[in-house]
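Participant: For reference, the file upload-v7.txt (compact mmCIF, C-alpha atoms) is included below:
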```txt
# COMPACT_ATOMS: atom_id res chain seq x y z
CA MET A 1358 37.23 154.78 74.29
CA ASN A 1359 35.13 152.50 76.49
CA VAL A 1360 34.61 148.79 76.77
CA GLU A 1361 31.08 147.40 76.87
CA ILE A 1362 30.71 144.62 79.42
CA THR A 1363 27.68 142.36 79.60
CA MET A 1364 27.27 139.41 81.92
CA GLU A 1365 24.64 136.68 81.74
CA LYS A 1366 23.97 133.51 83.67
CA ILE A 1367 24.27 130.34 81.60
CA GLY A 1368 23.48 127.06 83.31
CA ALA A 1369 25.87 126.68 86.21
CA GLY A 1370 28.15 129.43 85.05
CA HIS A 1371 28.49 132.96 83.72
CA LEU A 1372 29.11 134.34 80.25
CA MET A 1373 30.88 137.69 79.98
CA ARG A 1374 30.95 139.54 76.65
CA LEU A 1375 33.46 142.29 75.99
CA LYS A 1376 33.17 144.81 73.20
CA GLY A 1377 35.65 147.60 72.44
CA ASP A 1378 39.21 148.22 73.58
CA VAL A 1379 40.62 146.51 76.68
CA ASP A 1380 43.58 148.66 77.66
CA MET A 1381 45.09 150.40 80.68
CA ASN A 1382 42.06 152.70 80.78
CA THR A 1383 39.32 150.08 80.60
CA SER A 1384 40.79 146.91 82.11
CA PRO A 1385 39.93 148.08 85.68
CA ASP A 1386 36.24 148.00 84.62
CA VAL A 1387 36.66 144.43 83.35
CA ARG A 1388 38.48 143.47 86.55
CA ASN A 1389 35.63 144.92 88.66
CA SER A 1390 32.99 142.97 86.74
CA LEU A 1391 35.00 139.78 87.13
CA GLY A 1392 35.39 140.55 90.83
CA ASP A 1393 31.58 140.57 91.18
CA VAL A 1394 31.40 137.01 89.81
CA PHE A 1395 34.14 135.78 92.13
CA ARG A 1396 32.60 137.51 95.17
CA GLN A 1397 29.16 136.00 94.48
CA GLY A 1398 30.66 132.51 94.23
CA GLY A 1399 28.63 129.42 93.37
CA SER A 1400 29.54 129.49 89.69
CA LYS A 1401 31.13 126.45 88.08
CA ALA A 1402 32.45 128.15 84.96
CA LEU A 1403 33.26 131.53 83.52
CA LEU A 1404 33.09 132.00 79.76
CA ILE A 1405 34.50 135.22 78.30
CA ASN A 1406 33.52 136.07 74.73
CA LEU A 1407 36.23 138.21 73.11
CA SER A 1408 34.83 138.44 69.57
CA GLY A 1409 34.04 142.15 69.99
CA VAL A 1410 37.43 143.13 71.35
CA ARG A 1411 39.08 145.43 68.85
CA TYR A 1412 42.26 145.90 70.86
CA MET A 1413 43.88 144.33 73.93
CA ASP A 1414 47.11 145.35 75.64
CA SER A 1415 49.18 143.78 78.43
CA SER A 1416 46.82 145.12 81.10
CA GLY A 1417 43.98 143.22 79.42
CA ILE A 1418 46.11 140.09 79.39
CA ALA A 1419 46.99 140.64 83.04
CA THR A 1420 43.26 140.84 83.82
CA LEU A 1421 42.63 137.50 82.08
CA VAL A 1422 45.59 135.86 83.86
CA GLU A 1423 44.22 137.10 87.20
CA ALA A 1424 40.81 135.70 86.25
CA MET A 1425 42.44 132.35 85.48
CA GLN A 1426 44.17 132.36 88.87
CA ASN A 1427 40.92 133.26 90.68
CA CYS A 1428 39.03 130.54 88.81
CA MET A 1429 41.63 127.99 89.84
CA LYS A 1430 41.31 129.08 93.49
CA GLN A 1431 37.51 128.72 93.36
CA GLY A 1432 37.50 125.47 91.40
CA MET A 1433 35.87 127.15 88.38
CA LYS A 1434 36.60 126.57 84.71
CA LEU A 1435 37.68 129.58 82.66
CA ARG A 1436 36.99 129.34 78.94
CA LEU A 1437 37.76 132.04 76.39
CA VAL A 1438 35.44 132.18 73.39
CA GLU A 1439 35.79 133.59 69.84
CA LEU A 1440 39.07 135.46 70.06
CA SER A 1441 39.10 138.40 67.65
CA PRO A 1442 42.12 138.62 65.29
CA SER A 1443 43.78 141.32 67.40
CA VAL A 1444 43.34 139.31 70.61
CA ARG A 1445 44.62 136.18 68.87
CA ASP A 1446 47.66 138.15 67.74
CA VAL A 1447 48.50 139.44 71.21
CA PHE A 1448 48.02 135.94 72.66
CA GLU A 1449 50.44 134.63 70.05
CA LEU A 1450 52.99 137.32 70.93
CA ALA A 1451 52.70 136.55 74.65
CA ARG A 1452 52.63 132.79 73.95
CA LEU A 1453 49.41 132.37 75.91
CA SER A 1454 47.42 130.31 73.44
CA SER A 1455 48.32 127.05 75.19
CA ILE A 1456 47.76 128.44 78.70
CA PHE A 1457 44.05 129.22 78.31
CA GLU A 1458 41.19 126.99 77.19
CA ILE A 1459 40.07 128.66 73.94
CA PHE A 1460 36.89 127.78 72.01
CA PRO A 1461 35.61 128.93 68.62
CA ASN A 1462 32.04 129.49 69.84
CA ALA A 1463 29.88 129.60 72.97
CA SER A 1464 28.07 126.30 72.33
CA GLU A 1465 31.35 124.37 72.19
CA ALA A 1466 32.66 126.27 75.20
CA SER A 1467 29.59 125.47 77.29
CA ALA A 1468 29.55 121.78 76.37
CA GLY A 1469 29.95 119.57 79.39
CA LEU A 1470 29.42 122.32 81.95
CA MET B 728 76.13 156.24 60.15
CA GLU B 729 72.73 157.61 59.22
CA ASP B 730 72.38 158.10 55.51
CA GLU B 731 71.96 161.79 54.56
CA ARG B 732 69.36 160.96 51.92
CA ASP B 733 67.38 158.87 54.43
CA ARG B 734 67.39 161.70 56.99
CA ASN B 735 66.26 164.26 54.44
CA SER B 736 63.44 162.08 53.15
CA ALA B 737 61.79 161.71 56.56
CA SER B 738 58.22 162.76 57.08
CA SER B 739 57.39 163.48 60.68
CA VAL B 740 54.20 163.74 62.74
CA THR B 741 54.19 164.89 66.36
CA LEU B 742 51.37 164.39 68.82
CA THR B 743 51.24 165.52 72.45
CA VAL B 744 48.69 163.90 74.75
CA PRO B 745 47.88 164.20 78.46
CA SER B 746 49.26 161.36 80.60
CA HIS B 747 45.80 159.93 81.26
CA PRO B 748 45.09 156.35 80.09
CA LYS B 749 41.91 157.54 78.34
CA TYR B 750 44.12 159.20 75.69
CA LEU B 751 45.97 156.01 74.79
CA TYR B 752 43.41 155.27 72.08
CA VAL B 753 44.16 158.69 70.54
CA VAL B 754 47.79 157.67 70.10
CA ARG B 755 46.77 154.27 68.72
CA SER B 756 44.25 155.81 66.30
CA ALA B 757 46.77 158.33 64.97
CA LEU B 758 49.61 155.85 64.72
CA TYR B 759 47.98 152.96 62.87
CA PRO B 760 47.39 154.70 59.50
CA LEU B 761 50.87 156.22 59.62
CA ILE B 762 52.40 152.75 59.97
CA LEU B 763 50.32 151.45 57.06
CA ASP B 764 51.38 154.49 55.01
CA ALA B 765 54.98 153.60 55.80
CA GLY B 766 54.43 150.28 54.04
CA PHE B 767 54.07 147.81 56.88
CA PRO B 768 51.44 145.05 56.61
CA LYS B 769 48.43 145.10 58.96
CA LYS B 770 49.65 142.43 61.38
CA GLU B 771 53.00 144.18 61.81
CA ALA B 772 51.22 147.53 62.14
CA ARG B 773 49.08 146.11 64.98
CA ARG B 774 52.23 144.93 66.76
CA ILE B 775 53.92 148.32 66.38
CA VAL B 776 50.79 150.04 67.75
CA LEU B 777 50.76 147.63 70.70
CA ALA B 778 54.43 148.33 71.44
CA VAL B 779 53.97 152.11 71.38
CA ASP B 780 50.81 151.82 73.50
CA GLU B 781 52.77 149.79 76.07
CA ALA B 782 55.54 152.40 76.07
CA CYS B 783 52.94 155.14 76.77
CA SER B 784 51.36 153.01 79.52
CA ASN B 785 54.79 152.57 81.14
CA ILE B 786 55.35 156.34 81.05
CA ILE B 787 51.99 156.93 82.77
CA ARG B 788 52.57 154.17 85.31
CA TYR B 789 56.26 154.61 86.16
CA ALA B 790 57.58 157.99 84.94
CA TYR B 791 54.51 159.92 86.10
CA SER B 792 53.30 157.50 88.83
CA GLY B 793 49.76 157.77 87.46
CA ASP B 794 49.59 161.59 87.46
CA PRO B 795 47.18 162.39 84.58
CA ALA B 796 48.16 166.07 84.38
CA LYS B 797 51.55 165.55 82.65
CA THR B 798 52.24 165.16 78.95
CA ILE B 799 53.65 162.58 76.57
CA THR B 800 55.00 163.70 73.21
CA VAL B 801 55.02 161.07 70.48
CA THR B 802 56.96 161.78 67.29
CA VAL B 803 56.55 159.41 64.36
CA GLU B 804 59.22 159.51 61.64
CA ASP B 805 58.91 157.69 58.35
CA HIS B 806 62.33 157.44 56.66
CA THR B 807 63.23 155.69 53.43
CA GLU B 808 65.03 152.88 55.21
CA ARG B 809 63.44 152.87 58.67
CA PHE B 810 60.45 153.82 60.79
CA ALA B 811 60.97 155.49 64.15
CA VAL B 812 58.77 156.49 67.07
CA ARG B 813 60.17 158.78 69.76
CA LEU B 814 58.38 159.14 73.10
CA ARG B 815 59.36 162.03 75.35
CA ASP B 816 58.29 162.33 78.97
CA PHE B 817 59.33 164.71 81.72
CA GLY B 818 58.85 162.45 84.72
CA ARG B 819 61.06 160.10 86.69
CA LYS B 820 63.96 158.91 84.56
CA VAL B 821 63.95 155.32 83.46
CA ASP B 822 66.31 153.08 85.43
CA ARG B 823 67.72 150.71 82.80
CA ALA B 824 68.52 148.14 85.51
CA GLU B 825 64.78 147.76 86.14
CA ILE B 826 63.95 147.05 82.50
CA SER B 827 63.95 143.47 81.33
CA PRO B 828 61.35 141.37 79.55
CA ARG B 829 60.04 138.55 81.72
CA ASP B 830 60.33 134.89 80.88
CA LEU B 831 57.11 134.10 78.97
CA LYS B 832 56.98 130.67 80.64
CA ASP B 833 56.44 132.51 83.93
CA VAL B 834 52.71 133.11 83.48
CA ARG B 835 51.66 135.95 85.73
CA PRO B 836 49.95 139.33 85.40
CA GLY B 837 52.23 142.12 84.14
CA GLY B 838 55.73 142.41 82.70
CA LEU B 839 54.83 141.97 79.02
CA GLY B 840 55.22 145.56 77.79
CA THR B 841 59.00 145.36 77.35
CA HIS B 842 58.62 142.05 75.53
CA PHE B 843 56.10 143.60 73.12
CA MET B 844 58.43 146.56 72.42
CA GLN B 845 61.38 144.31 71.69
CA ALA B 846 59.25 142.03 69.51
CA ALA B 847 57.98 144.89 67.34
CA PHE B 848 61.12 147.02 66.98
CA ASP B 849 64.77 146.40 66.07
CA THR B 850 66.03 149.06 68.47
CA VAL B 851 64.67 150.14 71.87
CA ASP B 852 66.79 152.96 73.28
CA TYR B 853 66.26 154.93 76.49
CA ASP B 854 68.06 158.29 76.62
CA THR B 855 68.08 159.89 80.08
CA SER B 856 70.73 162.51 79.28
CA GLN B 857 68.33 165.24 78.17
CA GLY B 858 67.54 167.07 81.41
CA GLN B 859 64.26 165.97 82.97
CA GLY B 860 62.61 162.71 81.95
CA THR B 861 63.40 160.17 79.26
CA LEU B 862 63.48 160.05 75.48
CA LEU B 863 62.57 156.55 74.32
CA THR B 864 63.40 155.82 70.68
CA LEU B 865 61.86 152.79 68.97
CA GLU B 866 63.19 152.02 65.51
CA LYS B 867 62.40 149.43 62.89
CA LYS B 868 64.17 148.83 59.60
CA LYS B 869 61.97 148.56 56.56
CA GLN B 870 62.09 145.40 54.49
CA ARG B 871 63.22 146.10 50.96
CA VAL B 872 60.54 145.17 48.46
CA LYS B 873 61.99 143.09 45.64
CA ALA B 874 61.23 144.41 42.15
```
How does the structure come out when it is put into structure tokens?
Facilitator:
Amino acid sequence: MNVEITMEKIGAGHLMRLKGDVDMNTSPDVRNSLGDVFRQGGSKALLINLSGVRYMDSSGIATLVEAMQNCMKQGMKLRLVELSPSVRDVFELARLSSIFEIFPNASEASAGL
Amino acid sequence: MEDERDRNSASSVTLTVPSHPKYLYVVRSALYPLILDAGFPKKEARRIVLAVDEACSNIIRYAYSGDPAKTITVTVEDHTERFAVRLRDFGRKVDRAEISPRDLKDVRPGGLGTHFMQAAFDTVDYDTSQGQGTLLTLEKKKQRVKA
């Protein structure tokens, strides 16, 4: 089971879309793609659309927490967009809903960037 | 004491997978319909799947130190009164002193797997007395449906 990762430039930031399962097998791929954004630098915001994520485990959460920490170091905003029901559920279990900035859609998430 | 009728009524499914992370989805895919068949609602089923997936990930990461050539045997038992998942590995035995869920206020990568297991199941038991490896038993009582 793979995860599809697409990245596009939006204004002064980047939008990453994930589709599939983000687990111990696939989260290294997500981490590598995020690493490319952080290495390039110059981005003011990173939006991650999670509407296509069917499943996420603790390694997926760890990847998002690392992304949040890297964004803070680089002065970037991290915004999560359209959490799927399974992602919302795992966020609820891990009590992360108040830690991340979460938006219902990309247009609201990109407002003010 | 386990009820004799409950023990006899159990249906059991056993699955053995290689200890490579790419087979985690196989366990998840097999497990989910079995949990629904056992009568749990979808949200609870998703949490049980997550807990078992985390247990398998821990086996790969800690018991087998990432060696993909070992095996994990998952046995799912549906009893009248309870639902049980047993995970058997033959790697490094679990050290109970190292197992504790982290404080959720301490936001950092990692350390959530144990929390997810304890949130989904009533009992999380590590048995290291059976020769090599560990037998992890996860059990959950079924809610009685009122007539």
Participant: Pull out every residue of chain A that has at least one atom within 10 Å of chain B, counting all atoms listed in the file, and report them as a short mmCIF file (atom, residue, chain, number, x, y, z; two decimals) with C-alpha atoms, in the coordinates of the input.
Facilitator:
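Contents of iface_26.cif, freshly written:
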```cif
data_model
loop_
_atom_site.label_atom_id
_atom_site.label_comp_id
_atom_site.auth_asym_id
_atom_site.auth_seq_id
_atom_site.Cartn_x
_atom_site.Cartn_y
_atom_site.Cartn_z
CA MET A 1358 37.23 154.78 74.29
CA ASN A 1359 35.13 152.50 76.49
CA ASP A 1378 39.21 148.22 73.58
CA ASP A 1380 43.58 148.66 77.66
CA MET A 1381 45.09 150.40 80.68
CA ASN A 1382 42.06 152.70 80.78
CA THR A 1383 39.32 150.08 80.60
CA TYR A 1412 42.26 145.90 70.86
CA MET A 1413 43.88 144.33 73.93
CA ASP A 1414 47.11 145.35 75.64
CA SER A 1415 49.18 143.78 78.43
CA SER A 1416 46.82 145.12 81.10
CA GLY A 1417 43.98 143.22 79.42
CA ILE A 1418 46.11 140.09 79.39
CA ALA A 1419 46.99 140.64 83.04
CA THR A 1420 43.26 140.84 83.82
CA LEU A 1421 42.63 137.50 82.08
CA VAL A 1422 45.59 135.86 83.86
CA GLU A 1423 44.22 137.10 87.20
CA ALA A 1424 40.81 135.70 86.25
CA MET A 1425 42.44 132.35 85.48
CA GLN A 1426 44.17 132.36 88.87
CA PRO A 1442 42.12 138.62 65.29
CA SER A 1443 43.78 141.32 67.40
CA ASP A 1446 47.66 138.15 67.74
CA VAL A 1447 48.50 139.44 71.21
CA LEU A 1450 52.99 137.32 70.93
CA ALA A 1451 52.70 136.55 74.65
CA ARG A 1452 52.63 132.79 73.95
CA LEU A 1453 49.41 132.37 75.91
CA ILE A 1456 47.76 128.44 78.70
#
```
Participant: Looking at only C-alpha atoms, which of A:Val1444, A:Asn1462, A:Leu1407, A:Asn1427 is the one that sits closest to Arg1374 in chain A?
Facilitator: A:Leu1407
Participant: Between A:Arg1411, A:Ala1402, A:Gly1377, A:Gly1392, which has the minimum distance to Ala1466 in chain A (counting all atoms listed in the file)?
Facilitator: A:Ala1402
Participant: By how many Å are CA of Thr864 in chain B and CA of Glu825 in chain B apart?
Facilitator: 17.5 Å
Participant: Please identify all polymer residues within 10 Å of Lys867 in chain B, counting all atoms listed in the file, omitting same-chain residues fewer than 6 positions from it, and present them as a PyMOL selection string.
Facilitator: chain B and resi 775+808-812+847-851
Participant: Excluding Leu1391 in chain A and any residue of its chain fewer than 2 positions from it, enumerate the residues within 12 Å of it, using only C-alpha atoms, and give them as a ChimeraX atom specification.
Facilitator: /A:1362-1364,1371-1375,1384-1389,1393-1398,1400,1403-1405,1420-1428,1435
Participant: Residues within 6 Å of (33.8, 128.0, 76.5), file coordinates, counting only C-alpha atoms: what are they? Give the list as a PDB file with C-alpha atoms, keeping the file's coordinate frame.
Facilitator:
```pdb
ATOM      1  CA  LEU A1404      33.090 132.000  79.760  1.00  0.00           C
ATOM      2  CA  ARG A1436      36.990 129.340  78.940  1.00  0.00           C
ATOM      3  CA  LEU A1437      37.760 132.040  76.390  1.00  0.00           C
ATOM      4  CA  VAL A1438      35.440 132.180  73.390  1.00  0.00           C
ATOM      5  CA  PHE A1460      36.890 127.780  72.010  1.00  0.00           C
ATOM      6  CA  ALA A1463      29.880 129.600  72.970  1.00  0.00           C
ATOM      7  CA  ALA A1466      32.660 126.270  75.200  1.00  0.00           C
ATOM      8  CA  SER A1467      29.590 125.470  77.290  1.00  0.00           C
TER       9      SER A1467
END
```
Participant: Between CA of Asp854 in chain B and CA of Pro795 in chain B, what is the distance, to one decimal in Å?
Facilitator: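 For CA of Asp854 in chain B relative to CA of Pro795 in chain B, the distance reads 22.7 Å.
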Participant: Could you write out as JSON the box around range 1409-1420 of chain A (axis-aligned, all atoms listed in the file, 6 Å on each side), with centre and edge lengths in Å to one decimal?
Facilitator:
```
{"center_x": 41.6, "center_y": 143.0, "center_z": 76.3, "size_x": 27.1, "size_y": 17.8, "size_z": 27.0}
```
Participant: Pick the closest to Ile762 in chain B from B:Ala824, B:Leu863, B:Val779, B:Ile786: which is it, counting all atoms listed in the file?
Facilitator: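 Comparing B:Ala824, B:Leu863, B:Val779, B:Ile786 against Ile762 in chain B, the winner is B:Val779.
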Participant: Go through A:Ile1367, A:Ser1408, A:Glu1449, A:Lys1430 one by one, measure the shortest atom-to-atom distance of each to Pro1461 in chain A using only C-alpha atoms, and give the residue with the smallest value.
Facilitator: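 Once distances to Pro1461 in chain A are computed over only C-alpha atoms, the minimum belongs to A:Ser1408.
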Participant: Would you mind completing range 842-874 of chain B to N, CA and C atoms and writing the output as a PDB file, in the frame of the given file?
Facilitator:
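After the write, result_28.pdb holds the following:
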```pdb
ATOM      1  N   HIS B 842      58.572 143.139  76.521  1.00  0.00           N
ATOM      2  CA  HIS B 842      58.620 142.050  75.530  1.00  0.00           C
ATOM      3  C   HIS B 842      57.968 142.497  74.222  1.00  0.00           C
ATOM      4  N   PHE B 843      56.807 143.155  74.321  1.00  0.00           N
ATOM      5  CA  PHE B 843      56.100 143.600  73.120  1.00  0.00           C
ATOM      6  C   PHE B 843      56.922 144.646  72.355  1.00  0.00           C
ATOM      7  N   MET B 844      57.597 145.533  73.087  1.00  0.00           N
ATOM      8  CA  MET B 844      58.430 146.560  72.420  1.00  0.00           C
ATOM      9  C   MET B 844      59.592 145.910  71.670  1.00  0.00           C
ATOM     10  N   GLN B 845      60.234 144.955  72.322  1.00  0.00           N
ATOM     11  CA  GLN B 845      61.380 144.310  71.690  1.00  0.00           C
ATOM     12  C   GLN B 845      60.960 143.410  70.526  1.00  0.00           C
ATOM     13  N   ALA B 846      59.736 142.884  70.602  1.00  0.00           N
ATOM     14  CA  ALA B 846      59.250 142.030  69.510  1.00  0.00           C
ATOM     15  C   ALA B 846      58.911 142.848  68.275  1.00  0.00           C
ATOM     16  N   ALA B 847      58.446 144.083  68.473  1.00  0.00           N
ATOM     17  CA  ALA B 847      57.980 144.890  67.340  1.00  0.00           C
ATOM     18  C   ALA B 847      59.088 145.721  66.706  1.00  0.00           C
ATOM     19  N   PHE B 848      60.093 146.100  67.484  1.00  0.00           N
ATOM     20  CA  PHE B 848      61.120 147.020  66.980  1.00  0.00           C
ATOM     21  C   PHE B 848      62.501 146.376  66.991  1.00  0.00           C
ATOM     22  N   ASP B 849      63.384 146.878  66.103  1.00  0.00           N
ATOM     23  CA  ASP B 849      64.770 146.400  66.070  1.00  0.00           C
ATOM     24  C   ASP B 849      65.598 147.058  67.169  1.00  0.00           C
ATOM     25  N   THR B 850      65.261 148.314  67.470  1.00  0.00           N
ATOM     26  CA  THR B 850      66.030 149.060  68.470  1.00  0.00           C
ATOM     27  C   THR B 850      65.080 149.674  69.489  1.00  0.00           C
ATOM     28  N   VAL B 851      65.412 149.505  70.768  1.00  0.00           N
ATOM     29  CA  VAL B 851      64.670 150.140  71.870  1.00  0.00           C
ATOM     30  C   VAL B 851      65.717 150.867  72.706  1.00  0.00           C
ATOM     31  N   ASP B 852      65.722 152.209  72.628  1.00  0.00           N
ATOM     32  CA  ASP B 852      66.790 152.960  73.280  1.00  0.00           C
ATOM     33  C   ASP B 852      66.231 154.006  74.236  1.00  0.00           C
ATOM     34  N   TYR B 853      66.682 153.951  75.477  1.00  0.00           N
ATOM     35  CA  TYR B 853      66.260 154.930  76.490  1.00  0.00           C
ATOM     36  C   TYR B 853      67.373 155.945  76.686  1.00  0.00           C
ATOM     37  N   ASP B 854      67.080 157.223  76.437  1.00  0.00           N
ATOM     38  CA  ASP B 854      68.060 158.290  76.620  1.00  0.00           C
ATOM     39  C   ASP B 854      67.611 159.149  77.808  1.00  0.00           C
ATOM     40  N   THR B 855      68.435 159.118  78.867  1.00  0.00           N
ATOM     41  CA  THR B 855      68.080 159.890  80.080  1.00  0.00           C
ATOM     42  C   THR B 855      69.017 161.085  80.247  1.00  0.00           C
ATOM     43  N   SER B 856      69.718 161.444  79.164  1.00  0.00           N
ATOM     44  CA  SER B 856      70.730 162.510  79.280  1.00  0.00           C
ATOM     45  C   SER B 856      70.164 163.896  78.984  1.00  0.00           C
ATOM     46  N   GLN B 857      68.869 163.963  78.626  1.00  0.00           N
ATOM     47  CA  GLN B 857      68.330 165.240  78.170  1.00  0.00           C
ATOM     48  C   GLN B 857      67.550 165.970  79.259  1.00  0.00           C
ATOM     49  N   GLY B 858      68.226 166.345  80.333  1.00  0.00           N
ATOM     50  CA  GLY B 858      67.540 167.070  81.410  1.00  0.00           C
ATOM     51  C   GLY B 858      66.521 166.188  82.089  1.00  0.00           C
ATOM     52  N   GLN B 859      65.298 166.715  82.261  1.00  0.00           N
ATOM     53  CA  GLN B 859      64.260 165.970  82.970  1.00  0.00           C
ATOM     54  C   GLN B 859      63.657 164.870  82.082  1.00  0.00           C
ATOM     55  N   GLY B 860      63.346 163.758  82.662  1.00  0.00           N
ATOM     56  CA  GLY B 860      62.610 162.710  81.950  1.00  0.00           C
ATOM     57  C   GLY B 860      63.461 161.854  81.031  1.00  0.00           C
ATOM     58  N   THR B 861      62.764 161.177  80.123  1.00  0.00           N
ATOM     59  CA  THR B 861      63.400 160.170  79.260  1.00  0.00           C
ATOM     60  C   THR B 861      62.926 160.345  77.827  1.00  0.00           C
ATOM     61  N   LEU B 862      63.851 160.130  76.899  1.00  0.00           N
ATOM     62  CA  LEU B 862      63.480 160.050  75.480  1.00  0.00           C
ATOM     63  C   LEU B 862      63.638 158.589  75.073  1.00  0.00           C
ATOM     64  N   LEU B 863      62.531 157.944  74.768  1.00  0.00           N
ATOM     65  CA  LEU B 863      62.570 156.550  74.320  1.00  0.00           C
ATOM     66  C   LEU B 863      62.464 156.538  72.797  1.00  0.00           C
ATOM     67  N   THR B 864      63.431 155.923  72.144  1.00  0.00           N
ATOM     68  CA  THR B 864      63.400 155.820  70.680  1.00  0.00           C
ATOM     69  C   THR B 864      63.207 154.358  70.284  1.00  0.00           C
ATOM     70  N   LEU B 865      62.163 154.130  69.503  1.00  0.00           N
ATOM     71  CA  LEU B 865      61.860 152.790  68.970  1.00  0.00           C
ATOM     72  C   LEU B 865      62.067 152.848  67.462  1.00  0.00           C
ATOM     73  N   GLU B 866      62.910 151.975  66.947  1.00  0.00           N
ATOM     74  CA  GLU B 866      63.190 152.020  65.510  1.00  0.00           C
ATOM     75  C   GLU B 866      63.046 150.643  64.868  1.00  0.00           C
ATOM     76  N   LYS B 867      62.561 150.686  63.644  1.00  0.00           N
ATOM     77  CA  LYS B 867      62.400 149.430  62.890  1.00  0.00           C
ATOM     78  C   LYS B 867      62.860 149.647  61.462  1.00  0.00           C
ATOM     79  N   LYS B 868      63.730 148.747  61.004  1.00  0.00           N
ATOM     80  CA  LYS B 868      64.170 148.830  59.600  1.00  0.00           C
ATOM     81  C   LYS B 868      63.036 148.379  58.698  1.00  0.00           C
ATOM     82  N   LYS B 869      62.970 148.994  57.535  1.00  0.00           N
ATOM     83  CA  LYS B 869      61.970 148.560  56.560  1.00  0.00           C
ATOM     84  C   LYS B 869      62.545 147.433  55.715  1.00  0.00           C
ATOM     85  N   GLN B 870      61.684 146.487  55.394  1.00  0.00           N
ATOM     86  CA  GLN B 870      62.090 145.400  54.490  1.00  0.00           C
ATOM     87  C   GLN B 870      62.130 145.966  53.075  1.00  0.00           C
ATOM     88  N   ARG B 871      63.169 145.653  52.352  1.00  0.00           N
ATOM     89  CA  ARG B 871      63.220 146.100  50.960  1.00  0.00           C
ATOM     90  C   ARG B 871      62.269 145.241  50.126  1.00  0.00           C
ATOM     91  N   VAL B 872      61.463 145.900  49.335  1.00  0.00           N
ATOM     92  CA  VAL B 872      60.540 145.170  48.460  1.00  0.00           C
ATOM     93  C   VAL B 872      61.273 144.828  47.174  1.00  0.00           C
ATOM     94  N   LYS B 873      61.297 143.525  46.866  1.00  0.00           N
ATOM     95  CA  LYS B 873      61.990 143.090  45.640  1.00  0.00           C
ATOM     96  C   LYS B 873      61.195 143.496  44.413  1.00  0.00           C
ATOM     97  N   ALA B 874      61.888 143.979  43.399  1.00  0.00           N
ATOM     98  CA  ALA B 874      61.230 144.410  42.150  1.00  0.00           C
ATOM     99  C   ALA B 874      60.795 143.194  41.350  1.00  0.00           C
TER     100      ALA B 874
END
```
